[in-house]
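S.K.: Sharing input03.cif, mmCIF, C-alpha atoms:
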```cif
data_data
loop_
_atom_site.label_atom_id
_atom_site.label_comp_id
_atom_site.auth_asym_id
_atom_site.auth_seq_id
_atom_site.Cartn_x
_atom_site.Cartn_y
_atom_site.Cartn_z
CA MET A 1 51.23 28.12 21.70
CA ILE A 2 49.98 25.32 23.92
CA LYS A 3 50.72 25.68 27.60
CA LYS A 4 47.83 24.13 29.50
CA ILE A 5 46.42 20.68 28.64
CA LEU A 6 43.25 19.27 30.18
CA ILE A 7 42.60 15.50 30.02
CA VAL A 8 39.01 14.40 30.65
CA ASP A 9 38.70 10.63 31.23
CA ASP A 10 37.04 8.47 33.87
CA SER A 11 39.94 6.01 33.88
CA PRO A 12 42.98 7.03 35.96
CA ILE A 13 45.11 4.60 33.98
CA SER A 14 43.92 6.14 30.74
CA ILE A 15 44.95 9.60 31.99
CA LYS A 16 48.35 8.18 32.95
CA ILE A 17 48.74 6.59 29.49
CA MET A 18 47.73 9.84 27.78
CA LYS A 19 50.24 11.87 29.80
CA SER A 20 52.97 9.37 28.91
CA CYS A 21 52.20 9.86 25.21
CA ILE A 22 52.46 13.66 25.32
CA PRO A 23 55.97 15.00 24.57
CA LYS A 24 57.69 15.81 27.87
CA ASP A 25 60.08 18.47 26.64
CA GLN A 26 57.48 21.20 26.11
CA GLY A 27 56.79 22.07 29.75
CA TYR A 28 53.03 21.59 29.48
CA GLU A 29 50.87 22.09 32.58
CA PHE A 30 48.46 19.17 33.04
CA TYR A 31 44.98 19.19 34.49
CA ASP A 32 42.50 16.32 34.59
CA ALA A 33 38.86 15.54 35.25
CA ALA A 34 37.10 12.20 35.85
CA ASP A 35 33.84 12.78 33.97
CA GLY A 36 32.29 15.09 31.43
CA GLN A 37 30.60 17.39 33.92
CA ASN A 38 33.76 17.78 35.96
CA GLY A 39 35.61 18.31 32.68
CA VAL A 40 33.36 21.21 31.66
CA GLU A 41 33.79 22.81 35.08
CA LYS A 42 37.56 22.34 34.95
CA PHE A 43 37.65 23.79 31.44
CA LYS A 44 35.84 26.94 32.58
CA GLU A 45 38.18 27.26 35.55
CA VAL A 46 41.51 26.52 33.84
CA LYS A 47 40.79 27.64 30.25
CA PRO A 48 43.23 25.11 28.74
CA ASP A 49 44.81 25.60 25.31
CA LEU A 50 44.07 21.97 24.45
CA THR A 51 41.64 19.39 25.85
CA PHE A 52 41.75 15.62 25.36
CA MET A 53 38.23 14.23 25.79
CA ASP A 54 37.10 10.63 26.28
CA LEU A 55 33.58 9.80 25.03
CA THR A 56 32.27 6.97 27.23
CA MET A 57 32.11 8.42 30.74
CA PRO A 58 29.68 8.42 33.66
CA VAL A 59 27.66 11.47 34.81
CA MET A 60 28.10 13.33 31.51
CA ASP A 61 29.48 11.66 28.39
CA GLY A 62 32.14 13.15 26.16
CA PHE A 63 29.71 14.18 23.40
CA GLN A 64 27.75 16.36 25.80
CA ALA A 65 30.87 17.71 27.47
CA LEU A 66 32.34 18.58 24.06
CA ALA A 67 29.16 20.47 23.13
CA GLU A 68 29.12 22.31 26.48
CA ILE A 69 32.76 23.33 26.16
CA LEU A 70 32.30 24.64 22.63
CA LYS A 71 29.17 26.50 23.72
CA PHE A 72 31.28 28.21 26.40
CA ASP A 73 34.26 28.81 24.09
CA SER A 74 33.65 28.27 20.38
CA LYS A 75 37.40 28.38 19.70
CA ALA A 76 38.26 25.63 22.18
CA MET A 77 40.63 23.00 20.84
CA VAL A 78 39.29 19.56 21.78
CA ILE A 79 40.83 16.29 20.63
CA VAL A 80 38.58 13.32 21.28
CA CYS A 81 40.51 10.26 22.45
CA THR A 82 38.15 7.31 22.49
CA ALA A 83 37.70 3.55 22.43
CA ASP A 84 34.38 4.11 20.65
CA VAL A 85 35.69 3.75 17.10
CA GLN A 86 32.31 3.40 15.38
CA ILE A 87 32.16 5.54 12.24
CA LYS A 88 28.99 7.22 13.52
CA ALA A 89 30.62 8.06 16.88
CA ILE A 90 33.64 9.61 15.16
CA ALA A 91 31.40 11.54 12.74
CA LYS A 92 29.29 12.81 15.66
CA ALA A 93 32.41 14.03 17.47
CA HIS A 94 33.52 15.91 14.33
CA ASP A 95 30.00 17.32 13.82
CA LEU A 96 29.99 18.63 17.38
CA GLY A 97 33.25 20.46 16.69
CA ALA A 98 36.07 18.19 17.83
CA PHE A 99 39.35 19.28 16.28
CA SER A 100 40.36 15.67 15.69
CA VAL A 101 39.75 12.15 16.95
CA VAL A 102 42.42 9.76 18.23
CA LYS A 103 41.73 6.08 18.85
CA LYS A 104 42.58 4.33 22.12
CA PRO A 105 45.03 3.07 23.11
CA PRO A 106 46.88 6.17 21.95
CA ALA A 107 50.33 5.98 20.38
CA LYS A 108 53.01 8.58 21.12
CA GLU A 109 53.35 9.37 17.40
CA SER A 110 49.64 9.98 16.86
CA ILE A 111 49.38 12.19 19.96
CA ALA A 112 52.48 14.19 18.97
CA ALA A 113 51.08 14.63 15.44
CA ALA A 114 47.68 15.71 16.81
CA ILE A 115 49.34 18.29 19.08
CA ARG A 116 51.42 19.62 16.16
CA GLU A 117 48.22 20.09 14.14
CA VAL A 118 46.65 22.04 16.99
CA GLU A 119 49.81 24.20 17.27
CA GLN A 120 49.61 24.93 13.53
CA ALA A 121 45.92 25.81 13.72
CA LEU A 122 46.54 28.09 16.69
CA SER A 123 49.44 29.86 14.94
CA GLN A 124 47.30 30.40 11.83
CA ARG A 125 44.65 31.93 14.04
CA GLY A 126 47.27 34.41 15.21
CA MET B 1 30.25 -11.53 46.56
CA MET B 2 33.69 -10.98 48.05
CA LYS B 3 34.57 -8.36 50.59
CA ASN B 4 36.78 -5.48 49.49
CA GLU B 5 39.78 -6.78 51.44
CA ASP B 6 39.58 -10.18 49.70
CA THR B 7 39.29 -8.50 46.33
CA LYS B 8 42.34 -6.29 46.93
CA SER B 9 44.52 -9.29 47.72
CA MET B 10 43.64 -10.92 44.39
CA ILE B 11 43.62 -7.94 42.10
CA THR B 12 44.81 -4.43 42.91
CA VAL B 13 42.84 -1.27 42.22
CA GLU B 14 45.32 -0.36 39.49
CA GLU B 15 45.05 -3.80 37.86
CA ALA B 16 41.25 -3.54 37.90
CA ASP B 17 41.52 -0.09 36.33
CA ILE B 18 43.82 -1.37 33.56
CA LEU B 19 41.49 -4.31 32.89
CA GLN B 20 38.50 -1.97 32.78
CA GLU B 21 40.26 0.25 30.22
CA ILE B 22 41.23 -2.78 28.13
CA MET B 23 37.60 -3.96 28.20
CA ASN B 24 36.55 -0.45 27.18
CA ILE B 25 38.89 -0.51 24.17
CA ALA B 26 37.92 -4.07 23.26
CA PHE B 27 34.17 -3.52 23.41
CA GLY B 28 34.56 -0.27 21.45
CA ARG B 29 36.25 -2.30 18.71
CA ALA B 30 33.55 -4.97 18.87
CA ALA B 31 30.79 -2.36 18.53
CA SER B 32 32.60 -0.87 15.55
CA ASP B 33 32.82 -4.29 13.88
CA LEU B 34 29.08 -4.79 14.41
CA ALA B 35 28.32 -1.29 13.12
CA GLU B 36 30.28 -2.11 9.96
CA CYS B 37 28.08 -5.14 9.30
CA ILE B 38 24.81 -3.26 9.65
CA ASP B 39 23.78 0.36 9.79
CA ILE B 40 23.59 0.70 13.55
CA PHE B 41 24.93 2.86 16.35
CA VAL B 42 25.80 1.09 19.58
CA VAL B 43 25.62 3.27 22.68
CA LEU B 44 28.41 2.16 25.00
CA SER B 45 28.78 2.47 28.75
CA THR B 46 31.77 2.37 31.07
CA PRO B 47 32.68 -1.29 31.78
CA LYS B 48 32.73 -2.58 35.36
CA ILE B 49 35.02 -5.17 36.94
CA LYS B 50 34.07 -7.40 39.87
CA LEU B 51 35.66 -10.33 41.64
CA VAL B 52 33.26 -13.05 42.87
CA ARG B 53 33.32 -16.68 43.93
CA VAL B 54 32.25 -19.01 41.12
CA ASN B 55 29.62 -20.42 43.43
CA ASP B 56 28.06 -16.95 43.72
CA LEU B 57 28.26 -16.14 40.01
CA ALA B 58 24.71 -17.04 39.05
CA GLU B 59 23.23 -15.11 41.97
CA HIS B 60 25.46 -12.13 41.21
CA LEU B 61 24.58 -12.10 37.51
CA ASN B 62 20.90 -12.41 38.33
CA ILE B 63 21.16 -9.32 40.53
CA GLU B 64 22.98 -7.49 37.73
CA ILE B 65 20.20 -8.21 35.24
CA ARG B 66 17.25 -8.16 37.62
CA ASP B 67 15.22 -6.12 35.14
CA PHE B 68 15.12 -9.11 32.78
CA GLU B 69 12.84 -11.89 34.00
CA LYS B 70 13.85 -14.22 31.19
CA VAL B 71 16.81 -13.86 28.90
CA SER B 72 18.28 -15.01 25.64
CA VAL B 73 21.97 -15.74 26.01
CA VAL B 74 24.74 -16.36 23.53
CA GLN B 75 27.64 -18.07 25.23
CA GLN B 76 31.12 -18.79 23.94
CA ASN B 77 34.09 -20.28 25.76
CA PHE B 78 37.54 -19.02 24.88
CA TRP B 79 41.00 -20.40 25.44
CA GLY B 80 44.49 -19.00 25.48
CA LYS B 81 46.57 -17.77 28.38
CA PHE B 82 43.47 -15.65 29.02
CA LYS B 83 40.60 -18.13 29.17
CA GLY B 84 37.04 -18.19 30.36
CA ASN B 85 33.43 -17.77 29.29
CA ALA B 86 31.69 -14.91 27.53
CA PHE B 87 27.95 -14.31 27.81
CA LEU B 88 25.94 -11.91 25.69
CA VAL B 89 22.62 -11.38 27.44
CA PHE B 90 19.45 -9.87 26.00
CA PRO B 91 15.99 -9.65 27.52
CA ALA B 92 13.84 -12.47 26.14
CA ASP B 93 11.35 -10.06 24.58
CA ALA B 94 14.10 -8.39 22.49
CA GLY B 95 13.85 -11.03 19.74
CA THR B 96 11.40 -9.22 17.46
CA ARG B 97 13.17 -5.86 17.83
CA ILE B 98 16.53 -7.50 17.15
CA LEU B 99 15.09 -9.10 14.01
CA SER B 100 13.76 -5.79 12.84
CA LEU B 101 17.10 -4.15 13.42
CA PHE B 102 19.33 -6.79 11.90
CA GLN B 103 17.20 -8.46 9.24
CA GLY B 104 14.82 -5.62 8.38
CA ILE B 105 11.88 -7.89 9.20
CA ASP B 106 9.16 -6.18 11.20
CA GLU B 107 6.53 -8.89 11.28
CA LEU B 108 6.64 -12.66 11.04
CA THR B 109 3.58 -14.84 10.96
CA ASP B 110 5.15 -18.29 11.11
CA PRO B 111 6.30 -18.93 14.71
CA GLU B 112 8.77 -21.60 13.63
CA SER B 113 10.62 -19.48 11.10
CA ASN B 114 10.43 -16.59 13.54
CA PHE B 115 12.20 -18.68 16.20
CA THR B 116 14.87 -19.85 13.74
CA LEU B 117 15.57 -16.32 12.50
CA VAL B 118 15.76 -14.91 16.03
CA ARG B 119 18.12 -17.70 17.00
CA GLU B 120 20.38 -17.15 13.98
CA THR B 121 20.41 -13.39 14.48
CA PHE B 122 21.35 -13.66 18.16
CA LEU B 123 24.10 -16.13 17.24
CA GLU B 124 25.49 -13.80 14.59
CA ILE B 125 25.48 -10.78 16.93
CA GLY B 126 27.09 -12.88 19.65
CA ASN B 127 29.73 -14.22 17.31
CA ILE B 128 30.71 -10.71 16.16
CA LEU B 129 30.63 -8.97 19.56
CA ILE B 130 32.22 -11.75 21.62
CA GLY B 131 34.82 -12.61 18.98
CA ALA B 132 35.90 -9.00 18.43
CA CYS B 133 35.91 -8.17 22.13
CA ILE B 134 37.83 -11.24 23.33
CA GLY B 135 40.14 -11.01 20.30
CA LYS B 136 41.04 -7.41 21.13
CA ILE B 137 41.56 -8.14 24.84
CA ALA B 138 43.85 -11.03 23.91
CA GLU B 139 45.73 -8.86 21.39
CA LEU B 140 46.25 -6.02 23.87
CA LEU B 141 47.54 -8.50 26.44
CA GLY B 142 49.85 -10.28 24.00
CA ASP B 143 47.77 -13.44 23.72
CA VAL B 144 45.82 -15.29 21.02
CA ALA B 145 42.35 -16.66 21.74
CA THR B 146 40.56 -19.67 20.29
CA TYR B 147 36.82 -20.13 20.70
CA SER B 148 34.15 -22.75 21.03
CA PRO B 149 31.24 -22.41 18.59
CA PRO B 150 28.64 -19.99 19.98
CA HIS B 151 25.81 -21.61 21.89
CA ILE B 152 22.43 -19.98 22.32
CA THR B 153 19.74 -20.38 24.91
CA ILE B 154 16.46 -18.63 24.25
CA GLU B 155 14.08 -17.35 26.90
CA LYS B 156 15.35 -19.02 30.06
CA SER B 157 16.35 -17.71 33.46
CA LEU B 158 20.05 -16.85 33.58
CA HIS B 159 20.53 -18.84 36.78
CA GLY B 160 20.29 -22.22 35.09
CA ILE B 161 22.41 -21.18 32.13
CA VAL B 162 25.37 -19.99 34.20
CA LYS B 163 25.19 -22.88 36.67
CA ASP B 164 25.23 -25.38 33.81
CA ASN B 165 28.45 -23.94 32.46
CA MET B 166 30.55 -23.43 35.56
CA SER B 167 32.67 -25.97 37.36
CA ASP B 168 35.04 -25.36 40.33
CA PRO B 169 32.46 -23.63 42.56
CA ASP B 170 35.08 -22.58 45.15
CA SER B 171 37.43 -20.82 42.75
CA LEU B 172 37.29 -17.10 42.01
CA ALA B 173 36.17 -15.34 38.89
CA ILE B 174 36.63 -11.86 37.50
CA ILE B 175 33.50 -10.49 35.86
CA LEU B 176 33.93 -7.84 33.21
CA LYS B 177 30.56 -6.30 32.49
CA THR B 178 29.51 -3.81 29.89
CA VAL B 179 26.03 -2.55 29.11
CA PHE B 180 25.18 -1.53 25.57
CA GLU B 181 22.19 -0.22 23.71
CA PHE B 182 21.05 -0.42 20.10
CA ASN B 183 19.24 2.85 20.44
CA GLU B 184 17.43 2.72 17.09
CA LYS B 185 15.23 -0.04 18.54
CA ASN B 186 15.59 0.64 22.24
CA VAL B 187 17.27 -2.71 22.84
CA SER B 188 19.83 -3.00 25.59
CA GLY B 189 21.93 -5.95 26.61
CA TYR B 190 24.89 -7.02 28.68
CA MET B 191 28.17 -8.67 27.94
CA PHE B 192 29.80 -10.60 30.77
CA ILE B 193 33.28 -12.01 30.42
CA ILE B 194 34.22 -14.39 33.18
CA THR B 195 37.77 -15.54 33.71
CA LYS B 196 38.69 -17.87 36.51
CA GLN B 197 41.47 -18.13 39.06
CA GLU B 198 43.75 -20.25 36.88
CA SER B 199 44.26 -17.23 34.57
CA PHE B 200 44.92 -14.72 37.37
CA SER B 201 48.71 -14.88 37.66
CA TRP B 202 49.18 -14.64 33.91
CA LEU B 203 46.59 -11.86 33.74
CA LYS B 204 48.27 -9.80 36.45
CA ALA B 205 51.63 -10.03 34.66
CA ALA B 206 50.05 -9.21 31.28
CA LEU B 207 48.28 -6.14 32.71
CA ARG B 208 51.59 -4.90 34.16
CA LYS B 209 53.30 -5.45 30.79
CA PHE B 210 50.51 -3.57 29.00
CA VAL B 211 50.85 -0.49 31.18
CA ASP B 212 54.67 -0.64 31.29
CA GLN B 213 54.85 0.01 27.55
CA PHE B 214 53.57 3.51 28.31
CA GLU B 215 56.06 4.24 31.12
#
```
Take the structure from the file and write it as structure tokens.
M.R.:
Amino acid sequence: MIKKILIVDDSPISIKIMKSCIPKDQGYEFYDAADGQNGVEKFKEVKPDLTFMDLTMPVMDGFQALAEILKFDSKAMVIVCTADVQIKAIAKAHDLGAFSVVKKPPAKESIAAAIREVEQALSQRG
Amino acid sequence: MMKNEDTKSMITVEEADILQEIMNIAFGRAASDLAECIDIFVVLSTPKIKLVRVNDLAEHLNIEIRDFEKVSVVQQNFWGKFKGNAFLVFPADAGTRILSLFQGIDELTDPESNFTLVRETFLEIGNILIGACIGKIAELLGDVATYSPPHITIEKSLHGIVKDNMSDPDSLAIILKTVFEFNEKNVSGYMFIITKQESFSWLKAALRKFVDQFE
């Protein structure tokens, strides 16, 4: 069951867009961070059920932040939401352990579907 | 360069943020298109937006790329409701590494064919990156762009190149800058997209419309 969602993105408008795409009737608690390093720290503090992670960010990029988060919690659910749609970038995100990858700009349907998949995976975990 | 107060009156912080995100999405698409053509990984960076007077453009761009004494530049003009100039800038000494990366040629003995191949390769990269990037920006903002043929200048100072292509020295320009790197060959470059004051009112409305679809 997803309760807490962390959004890591250096663009305030991108965070706003992401929040607008997440279904509003589920009572999620939102947290955000403006770069990868801040995102890792926020993850450790909040322990979110789901994290949306941008890739191209200052200070620490999303690849490194993803690796750091999964080193801290190997069961962390991280969906990469990125403008970097190169096949190699997407493959690298998957190799590092991203649950899935969503392309920017996100669509409500694709975000809702990605969240449903995370819910299913979490319920199978028990 | 303009003072913060001047900048705020022309483009708000939120508008700059939306434009930056649109540039981020557009350049990500452009890099992907290039990566599909050749086996390459383009390392992207966060785009930056700045508002400057056209008269100060050359000086500003020279400061931005002060690490490059001479440059090779692919330039394309674009028209639509969003119109302006796009510059893809590489350090002049990147030619051989670019050739190696894109044509698989590590060594050329004939200087003339070397020059022609470098020129054609730069033009092709410029055509793909500028076309995909401007095309995506236009698409996201509900516009359609048309382009001039790409024009290349090899191994010159950027100052002359920009000055030659800019009229209306007193008008304002928005610079969208992104830095990228072809890390297999340690080649980095810049893309600058410059749009001038005549596009501002349309641009501001289009940015609002873009973000409103997510409200």
S.K.: May I ask for the distance between CA of Lys75 (chain A) and CA of Ala107 (chain A), given in Å to one decimal place?
M.R.: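 Spanning CA of Lys75 (chain A) to CA of Ala107 (chain A) is a straight-line distance of 25.9 Å.
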S.K.: When the PyMOL selection byres ((chain B and resi 89) around 8) is applied to the file above, which residues end up in the set, as a list in words?
M.R.: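 The output of the PyMOL selection byres ((chain B and resi 89) around 8) on this file is Val71, Ser72, Val73, Val74, Phe87, Leu88, Phe90, Pro91, Gly189, Tyr190, Met191 and Phe192 of chain B.
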S.K.: Using all atoms listed in the file and a cut-off of 10 Å, which residues of chain B sit close to chain A? Please list them as JSON, numbers by chain.
M.R.: {"B": [14, 15, 16, 17, 18, 19, 20, 21, 22, 23, 24, 25, 26, 27, 28, 29, 30, 31, 32, 33, 34, 35, 36, 39, 40, 41, 42, 43, 44, 45, 46, 47, 140, 211, 212, 213, 214, 215]}
S.K.: If you measure from CA of Ile49 (chain B) to CA of Glu124 (chain B), what distance in Å do you get, rounded to one decimal?
M.R.: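 So the two atoms, CA of Ile49 (chain B) and CA of Glu124 (chain B), lie 25.8 Å apart.
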S.K.: Carefully work through the PyMOL selection byres ((chain A and resi 99-101) around 8) for this structure and note down the residues it includes, as a ChimeraX atom specification.
M.R.: /A:77-82,90,93-94,97-98,102-103,114,118
S.K.: Go through A:Leu50, A:Leu96, A:Met1, A:Ala91 and flag the residue nearest Ala67 (chain A), using all atoms listed in the file for the distances.
M.R.: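 Of A:Leu50, A:Leu96, A:Met1, A:Ala91, the one nearest Ala67 (chain A), counting all atoms listed in the file, is A:Leu96.
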S.K.: Quick one: distance from CA of Val187 (chain B) to CA of Ala65 (chain A) in Å, one decimal?
M.R.: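 Going from CA of Val187 (chain B) over to CA of Ala65 (chain A), I get 25.0 Å.
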S.K.: So which residues get picked by the PyMOL selection byres ((chain A and resi 115) around 10) here, written as a list in words?
M.R.: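 Written out, the selection comes to Ile2, Ile22, Pro23, Leu50, Ile79, Ser100, Glu109, Ser110, Ile111, Ala112, Ala113, Ala114, Arg116, Glu117, Val118, Glu119, Gln120 and Ala121 of chain A.
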S.K.: Any chance you could work out the axis-aligned box around region 198-201 of chain B, listed atoms only, 5 Å on each side, giving centre and edge lengths in Å to one decimal, as AutoDock Vina command-line options?
M.R.:
```
--center_x 46.2 --center_y -17.5 --center_z 36.1 --size_x 15.0 --size_y 15.5 --size_z 13.1
```
S.K.: Of the candidates B:Gly126, B:Gly80, B:Gly95, B:Gly104, which shows the shortest atom-to-atom distance to Pro150 (chain B), using only C-alpha atoms?
M.R.: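 Nearest candidate to Pro150 (chain B) out of B:Gly126, B:Gly80, B:Gly95, B:Gly104: B:Gly126.
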S.K.: Could you add N, CA and C atoms to region 41-71 of chain A and give me the result as a JSON list (two decimals), keeping the file's coordinate frame?
M.R.:
```json
[["chain", "number", "residue", "atom", "x", "y", "z"],
["A", 41, "GLU", "N", 33.48, 21.87, 33.99],
["A", 41, "GLU", "CA", 33.79, 22.81, 35.08],
["A", 41, "GLU", "C", 35.27, 23.15, 35.10],
["A", 42, "LYS", "N", 36.10, 22.13, 34.95],
["A", 42, "LYS", "CA", 37.56, 22.34, 34.95],
["A", 42, "LYS", "C", 37.97, 23.20, 33.77],
["A", 43, "PHE", "N", 37.33, 22.99, 32.62],
["A", 43, "PHE", "CA", 37.65, 23.79, 31.44],
["A", 43, "PHE", "C", 37.38, 25.27, 31.71],
["A", 44, "LYS", "N", 36.21, 25.54, 32.30],
["A", 44, "LYS", "CA", 35.84, 26.94, 32.58],
["A", 44, "LYS", "C", 36.81, 27.58, 33.59],
["A", 45, "GLU", "N", 37.28, 26.75, 34.51],
["A", 45, "GLU", "CA", 38.18, 27.26, 35.55],
["A", 45, "GLU", "C", 39.60, 27.49, 35.01],
["A", 46, "VAL", "N", 40.10, 26.51, 34.26],
["A", 46, "VAL", "CA", 41.51, 26.52, 33.84],
["A", 46, "VAL", "C", 41.72, 27.21, 32.50],
["A", 47, "LYS", "N", 40.71, 27.16, 31.64],
["A", 47, "LYS", "CA", 40.79, 27.64, 30.25],
["A", 47, "LYS", "C", 42.04, 27.08, 29.54],
["A", 48, "PRO", "N", 42.05, 25.75, 29.36],
["A", 48, "PRO", "CA", 43.23, 25.11, 28.74],
["A", 48, "PRO", "C", 43.35, 25.47, 27.26],
["A", 49, "ASP", "N", 44.58, 25.34, 26.75],
["A", 49, "ASP", "CA", 44.81, 25.60, 25.31],
["A", 49, "ASP", "C", 44.39, 24.37, 24.50],
["A", 50, "LEU", "N", 44.43, 23.21, 25.14],
["A", 50, "LEU", "CA", 44.07, 21.97, 24.45],
["A", 50, "LEU", "C", 43.40, 21.02, 25.45],
["A", 51, "THR", "N", 42.33, 20.37, 24.99],
["A", 51, "THR", "CA", 41.64, 19.39, 25.85],
["A", 51, "THR", "C", 41.59, 18.04, 25.14],
["A", 52, "PHE", "N", 41.97, 16.99, 25.84],
["A", 52, "PHE", "CA", 41.75, 15.62, 25.36],
["A", 52, "PHE", "C", 40.50, 15.10, 26.05],
["A", 53, "MET", "N", 39.54, 14.61, 25.25],
["A", 53, "MET", "CA", 38.23, 14.23, 25.79],
["A", 53, "MET", "C", 37.88, 12.78, 25.46],
["A", 54, "ASP", "N", 37.63, 11.98, 26.49],
["A", 54, "ASP", "CA", 37.10, 10.63, 26.28],
["A", 54, "ASP", "C", 35.61, 10.76, 25.94],
["A", 55, "LEU", "N", 35.01, 9.72, 25.35],
["A", 55, "LEU", "CA", 33.58, 9.80, 25.03],
["A", 55, "LEU", "C", 32.70, 9.04, 26.02],
["A", 56, "THR", "N", 33.11, 7.80, 26.36],
["A", 56, "THR", "CA", 32.27, 6.97, 27.23],
["A", 56, "THR", "C", 32.65, 7.24, 28.69],
["A", 57, "MET", "N", 31.83, 8.05, 29.35],
["A", 57, "MET", "CA", 32.11, 8.42, 30.74],
["A", 57, "MET", "C", 30.80, 8.50, 31.53],
["A", 58, "PRO", "N", 30.89, 8.28, 32.84],
["A", 58, "PRO", "CA", 29.68, 8.42, 33.66],
["A", 58, "PRO", "C", 29.33, 9.91, 33.88],
["A", 59, "VAL", "N", 28.19, 10.14, 34.45],
["A", 59, "VAL", "CA", 27.66, 11.47, 34.81],
["A", 59, "VAL", "C", 27.32, 12.29, 33.56],
["A", 60, "MET", "N", 28.34, 12.65, 32.79],
["A", 60, "MET", "CA", 28.10, 13.33, 31.51],
["A", 60, "MET", "C", 29.07, 12.74, 30.49],
["A", 61, "ASP", "N", 28.56, 12.28, 29.35],
["A", 61, "ASP", "CA", 29.48, 11.66, 28.39],
["A", 61, "ASP", "C", 30.27, 12.72, 27.63],
["A", 62, "GLY", "N", 31.24, 12.24, 26.85],
["A", 62, "GLY", "CA", 32.14, 13.15, 26.16],
["A", 62, "GLY", "C", 31.47, 13.97, 25.07],
["A", 63, "PHE", "N", 30.42, 13.42, 24.44],
["A", 63, "PHE", "CA", 29.71, 14.18, 23.40],
["A", 63, "PHE", "C", 29.10, 15.44, 24.02],
["A", 64, "GLN", "N", 28.42, 15.23, 25.15],
["A", 64, "GLN", "CA", 27.75, 16.36, 25.80],
["A", 64, "GLN", "C", 28.77, 17.36, 26.33],
["A", 65, "ALA", "N", 29.84, 16.83, 26.92],
["A", 65, "ALA", "CA", 30.87, 17.71, 27.47],
["A", 65, "ALA", "C", 31.52, 18.54, 26.36],
["A", 66, "LEU", "N", 31.76, 17.89, 25.22],
["A", 66, "LEU", "CA", 32.34, 18.58, 24.06],
["A", 66, "LEU", "C", 31.42, 19.73, 23.63],
["A", 67, "ALA", "N", 30.12, 19.44, 23.53],
["A", 67, "ALA", "CA", 29.16, 20.47, 23.13],
["A", 67, "ALA", "C", 29.12, 21.62, 24.14],
["A", 68, "GLU", "N", 29.16, 21.28, 25.43],
["A", 68, "GLU", "CA", 29.12, 22.31, 26.48],
["A", 68, "GLU", "C", 30.36, 23.20, 26.42],
["A", 69, "ILE", "N", 31.50, 22.57, 26.22],
["A", 69, "ILE", "CA", 32.76, 23.33, 26.16],
["A", 69, "ILE", "C", 32.75, 24.29, 24.97],
["A", 70, "LEU", "N", 32.30, 23.79, 23.82],
["A", 70, "LEU", "CA", 32.30, 24.64, 22.63],
["A", 70, "LEU", "C", 31.21, 25.72, 22.70],
["A", 71, "LYS", "N", 30.19, 25.46, 23.50],
["A", 71, "LYS", "CA", 29.17, 26.50, 23.72],
["A", 71, "LYS", "C", 29.78, 27.63, 24.56]]
```
